[in-house]
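Undergrad: Okay, so here is upload.pdb, and as you'll see once you scroll down, it has PDB, C-alpha atoms, pLDDT in the B column.
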ATOM      1  CA  MET I 576      -0.147 -63.551  -3.064  1.00 49.00           C
ATOM      2  CA  SER I 577      -0.950 -60.460  -1.125  1.00 59.00           C
ATOM      3  CA  GLY I 578      -4.322 -59.833  -2.742  1.00 61.00           C
ATOM      4  CA  ARG I 579      -3.346 -56.357  -3.853  1.00 68.00           C
ATOM      5  CA  THR I 580      -4.311 -55.215  -7.299  1.00 66.00           C
ATOM      6  CA  ARG I 581      -1.892 -53.489  -9.609  1.00 65.00           C
ATOM      7  CA  THR I 582      -3.701 -50.287 -10.427  1.00 68.00           C
ATOM      8  CA  GLY I 583      -1.559 -47.318 -11.281  1.00 69.00           C
ATOM      9  CA  ALA I 584      -1.999 -44.310  -9.077  1.00 79.00           C
ATOM     10  CA  CYS I 585      -3.377 -41.395 -11.053  1.00 87.00           C
ATOM     11  CA  PRO I 586      -2.030 -38.101  -9.690  1.00 91.00           C
ATOM     12  CA  GLU I 587      -4.729 -35.562  -8.912  1.00 94.00           C
ATOM     13  CA  ARG I 588      -4.469 -31.793  -8.946  1.00 96.00           C
ATOM     14  CA  THR I 589      -6.881 -28.995  -8.058  1.00 97.00           C
ATOM     15  CA  CYS I 590      -8.118 -26.541 -10.683  1.00 97.00           C
ATOM     16  CA  VAL I 591      -7.418 -22.974  -9.524  1.00 97.00           C
ATOM     17  CA  GLY I 592     -10.589 -21.803 -11.285  1.00 96.00           C
ATOM     18  CA  CYS I 593     -13.384 -24.077 -10.094  1.00 97.00           C
ATOM     19  CA  ARG I 594     -11.402 -25.638  -7.190  1.00 97.00           C
ATOM     20  CA  GLU I 595     -12.405 -29.181  -8.218  1.00 97.00           C
ATOM     21  CA  ARG I 596      -9.951 -32.054  -8.067  1.00 97.00           C
ATOM     22  CA  ALA I 597      -9.250 -33.878 -11.311  1.00 96.00           C
ATOM     23  CA  ALA I 598      -6.656 -36.151 -12.845  1.00 95.00           C
ATOM     24  CA  ARG I 599      -3.513 -34.319 -13.874  1.00 94.00           C
ATOM     25  CA  THR I 600      -4.083 -35.392 -17.486  1.00 93.00           C
ATOM     26  CA  GLU I 601      -7.420 -33.527 -17.582  1.00 95.00           C
ATOM     27  CA  LEU I 602      -5.902 -30.230 -16.452  1.00 97.00           C
ATOM     28  CA  LEU I 603      -3.600 -27.716 -18.121  1.00 97.00           C
ATOM     29  CA  ARG I 604      -0.417 -26.788 -16.279  1.00 97.00           C
ATOM     30  CA  THR I 605       0.522 -23.127 -16.318  1.00 97.00           C
ATOM     31  CA  VAL I 606       3.743 -21.442 -15.234  1.00 97.00           C
ATOM     32  CA  ALA I 607       4.833 -17.856 -14.690  1.00 96.00           C
ATOM     33  CA  ILE I 608       7.487 -16.561 -17.064  1.00 95.00           C
ATOM     34  CA  LYS I 609       8.481 -12.995 -16.214  1.00 92.00           C
ATOM     35  CA  ASP I 610       5.133 -11.204 -15.855  1.00 92.00           C
ATOM     36  CA  ALA I 611       3.002 -13.608 -17.911  1.00 95.00           C
ATOM     37  CA  CYS I 612       1.138 -16.803 -17.164  1.00 96.00           C
ATOM     38  CA  VAL I 613       1.822 -19.217 -20.026  1.00 96.00           C
ATOM     39  CA  PRO I 614       0.449 -22.687 -20.828  1.00 97.00           C
ATOM     40  CA  ASP I 615       2.658 -25.718 -20.327  1.00 96.00           C
ATOM     41  CA  PRO I 616       0.761 -28.568 -22.036  1.00 94.00           C
ATOM     42  CA  ARG I 617       3.726 -30.980 -21.894  1.00 94.00           C
ATOM     43  CA  GLY I 618       4.419 -30.171 -18.245  1.00 92.00           C
ATOM     44  CA  THR I 619       8.143 -29.700 -18.756  1.00 94.00           C
ATOM     45  CA  LEU I 620       8.743 -25.983 -18.174  1.00 96.00           C
ATOM     46  CA  PRO I 621      10.740 -25.178 -15.044  1.00 96.00           C
ATOM     47  CA  GLY I 622       9.200 -23.499 -12.055  1.00 94.00           C
ATOM     48  CA  ARG I 623       6.121 -23.725  -9.933  1.00 95.00           C
ATOM     49  CA  GLY I 624       2.968 -24.776 -11.746  1.00 96.00           C
ATOM     50  CA  ALA I 625      -0.734 -24.102 -11.327  1.00 97.00           C
ATOM     51  CA  TYR I 626      -3.414 -26.269 -12.903  1.00 98.00           C
ATOM     52  CA  VAL I 627      -6.650 -25.201 -14.575  1.00 97.00           C
ATOM     53  CA  HIS I 628      -9.272 -26.958 -16.682  1.00 96.00           C
ATOM     54  CA  PRO I 629      -8.646 -25.980 -20.329  1.00 96.00           C
ATOM     55  CA  VAL I 630     -12.036 -24.255 -20.667  1.00 96.00           C
ATOM     56  CA  SER I 631     -12.764 -20.542 -20.644  1.00 95.00           C
ATOM     57  CA  VAL I 632     -15.181 -20.791 -17.690  1.00 96.00           C
ATOM     58  CA  CYS I 633     -12.476 -22.017 -15.309  1.00 96.00           C
ATOM     59  CA  LEU I 634      -9.936 -19.603 -16.758  1.00 96.00           C
ATOM     60  CA  ASP I 635     -12.294 -16.649 -16.188  1.00 96.00           C
ATOM     61  CA  GLN I 636     -12.966 -17.746 -12.604  1.00 97.00           C
ATOM     62  CA  ALA I 637      -9.247 -18.040 -11.891  1.00 96.00           C
ATOM     63  CA  VAL I 638      -8.545 -14.581 -13.320  1.00 95.00           C
ATOM     64  CA  ARG I 639     -11.446 -13.036 -11.405  1.00 96.00           C
ATOM     65  CA  ARG I 640     -10.237 -14.582  -8.122  1.00 95.00           C
ATOM     66  CA  ARG I 641      -6.606 -13.591  -8.837  1.00 95.00           C
ATOM     67  CA  ALA I 642      -5.709 -17.249  -8.325  1.00 96.00           C
ATOM     68  CA  PHE I 643      -2.720 -17.434 -10.680  1.00 96.00           C
ATOM     69  CA  PRO I 644      -0.412 -15.003  -8.834  1.00 96.00           C
ATOM     70  CA  ARG I 645      -1.340 -16.635  -5.527  1.00 95.00           C
ATOM     71  CA  ALA I 646      -0.863 -20.218  -6.747  1.00 96.00           C
ATOM     72  CA  LEU I 647       2.366 -19.424  -8.563  1.00 96.00           C
ATOM     73  CA  ARG I 648       3.617 -17.270  -5.666  1.00 96.00           C
ATOM     74  CA  VAL I 649       4.335 -14.261  -7.848  1.00 95.00           C
ATOM     75  CA  PRO I 650       3.863 -10.675  -6.625  1.00 93.00           C
ATOM     76  CA  GLY I 651       1.537  -8.543  -8.701  1.00 89.00           C
ATOM     77  CA  PRO I 652      -0.824  -9.366 -11.563  1.00 92.00           C
ATOM     78  CA  LEU I 653       0.058 -11.711 -14.428  1.00 94.00           C
ATOM     79  CA  ASP I 654      -0.758 -11.304 -18.117  1.00 96.00           C
ATOM     80  CA  VAL I 655      -2.953 -14.257 -19.186  1.00 95.00           C
ATOM     81  CA  MET I 656      -3.371 -13.454 -22.895  1.00 96.00           C
ATOM     82  CA  ALA I 657      -1.159 -16.353 -24.068  1.00 95.00           C
ATOM     83  CA  LEU I 658      -3.076 -18.720 -21.809  1.00 96.00           C
ATOM     84  CA  ARG I 659      -6.431 -17.385 -23.051  1.00 95.00           C
ATOM     85  CA  ARG I 660      -5.393 -17.837 -26.706  1.00 96.00           C
ATOM     86  CA  TYR I 661      -4.293 -21.430 -26.005  1.00 96.00           C
ATOM     87  CA  VAL I 662      -7.587 -22.273 -24.265  1.00 95.00           C
ATOM     88  CA  GLU I 663      -9.648 -20.719 -27.081  1.00 93.00           C
ATOM     89  CA  GLN I 664      -7.717 -22.747 -29.686  1.00 93.00           C
ATOM     90  CA  THR I 665      -8.122 -26.037 -27.830  1.00 89.00           C
ATOM     91  CA  GLU I 666     -11.820 -25.458 -27.139  1.00 80.00           C
ATOM     92  CA  GLY I 667     -12.470 -25.032 -30.851  1.00 72.00           C
ATOM     93  CA  CYS I 668     -11.114 -28.492 -31.654  1.00 65.00           C
TER      94      CYS I 668
END
So, in terms of structure tokens, how does the structure I just supplied come out?
TA:
Amino acid sequence: MSGRTRTGACPERTCVGCRERAARTELLRTVAIKDACVPDPRGTLPGRGAYVHPVSVCLDQAVRRRAFPRALRVPGPLDVMALRRYVEQTEGC
């Protein structure tokens, strides 16, 4: 026996809003589709992803810092209305 324990590695990502590291399961993946930043809760949409805590505080910080276009490597501003609606719906639950 090697003495190693079998603990599964939990992937961590950084929230683009508050810049804190968290487990990937605690964060919401977002992707850029055309000129909009859309939520990807299942994590299956193609393309580069950016992660944010699904709370309006982190979302507001990310928008204020212009973090989504930078993290997703997209020129120009992105529309975040679909993302904001998704976060507001999930916060109410």
Undergrad: Taking the file as shown, what set of residues would the PyMOL selection byres ((chain I and resi 588) around 7) give back, as a PyMOL selection string?
TA: chain I and resi 586-587+589-590+596-599+626
Undergrad: So how many Å separate atom CA of Asp610 of chain I and atom CA of Leu653 of chain I, to one decimal?
TA: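 About the pair atom CA of Asp610 of chain I and atom CA of Leu653 of chain I: they are 5.3 Å apart.
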Undergrad: Please identify all polymer residues within 12 Å of Pro650 of chain I, counting all atoms listed in the file, omitting same-chain residues fewer than 4 positions from it, and present them as a PyMOL selection string.
TA: chain I and resi 607+609-611+641-646
Undergrad: Please enumerate the residues selected by the PyMOL selection byres ((chain I and resi 659) around 10) when evaluated against the supplied file, formatted as number ranges by chain.
TA: I: 612-614, 629-631, 634-635, 654-658, 660-664
Undergrad: What would the file look like if the residues just selected were written as an mmCIF file, keeping the file's coordinate frame with C-alpha atoms?
TA:
data_model
loop_
_atom_site.group_PDB
_atom_site.id
_atom_site.type_symbol
_atom_site.label_atom_id
_atom_site.label_comp_id
_atom_site.auth_asym_id
_atom_site.auth_seq_id
_atom_site.Cartn_x
_atom_site.Cartn_y
_atom_site.Cartn_z
ATOM 1 C CA CYS I 612 1.138 -16.803 -17.164
ATOM 2 C CA VAL I 613 1.822 -19.217 -20.026
ATOM 3 C CA PRO I 614 0.449 -22.687 -20.828
ATOM 4 C CA PRO I 629 -8.646 -25.980 -20.329
ATOM 5 C CA VAL I 630 -12.036 -24.255 -20.667
ATOM 6 C CA SER I 631 -12.764 -20.542 -20.644
ATOM 7 C CA LEU I 634 -9.936 -19.603 -16.758
ATOM 8 C CA ASP I 635 -12.294 -16.649 -16.188
ATOM 9 C CA ASP I 654 -0.758 -11.304 -18.117
ATOM 10 C CA VAL I 655 -2.953 -14.257 -19.186
ATOM 11 C CA MET I 656 -3.371 -13.454 -22.895
ATOM 12 C CA ALA I 657 -1.159 -16.353 -24.068
ATOM 13 C CA LEU I 658 -3.076 -18.720 -21.809
ATOM 14 C CA ARG I 660 -5.393 -17.837 -26.706
ATOM 15 C CA TYR I 661 -4.293 -21.430 -26.005
ATOM 16 C CA VAL I 662 -7.587 -22.273 -24.265
ATOM 17 C CA GLU I 663 -9.648 -20.719 -27.081
ATOM 18 C CA GLN I 664 -7.717 -22.747 -29.686
#
Undergrad: When you count only C-alpha atoms, which of these residues is closest to Ala625 of chain I: I:Gly651, I:Arg639, I:Arg594, I:Gly667?
TA: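 Smallest distance to Ala625 of chain I is found for I:Arg594.
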Undergrad: Could you tell me how far atom CA of Gly624 of chain I sits from atom CA of Val606 of chain I, in Å to one decimal place?
TA: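 The value is 4.9 Å.
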Undergrad: Out of I:Arg648, I:Arg640, I:Arg604, I:His628, which residue has the shortest atom-to-atom distance to Pro616 of chain I when counting only C-alpha atoms?
TA: I:Arg604
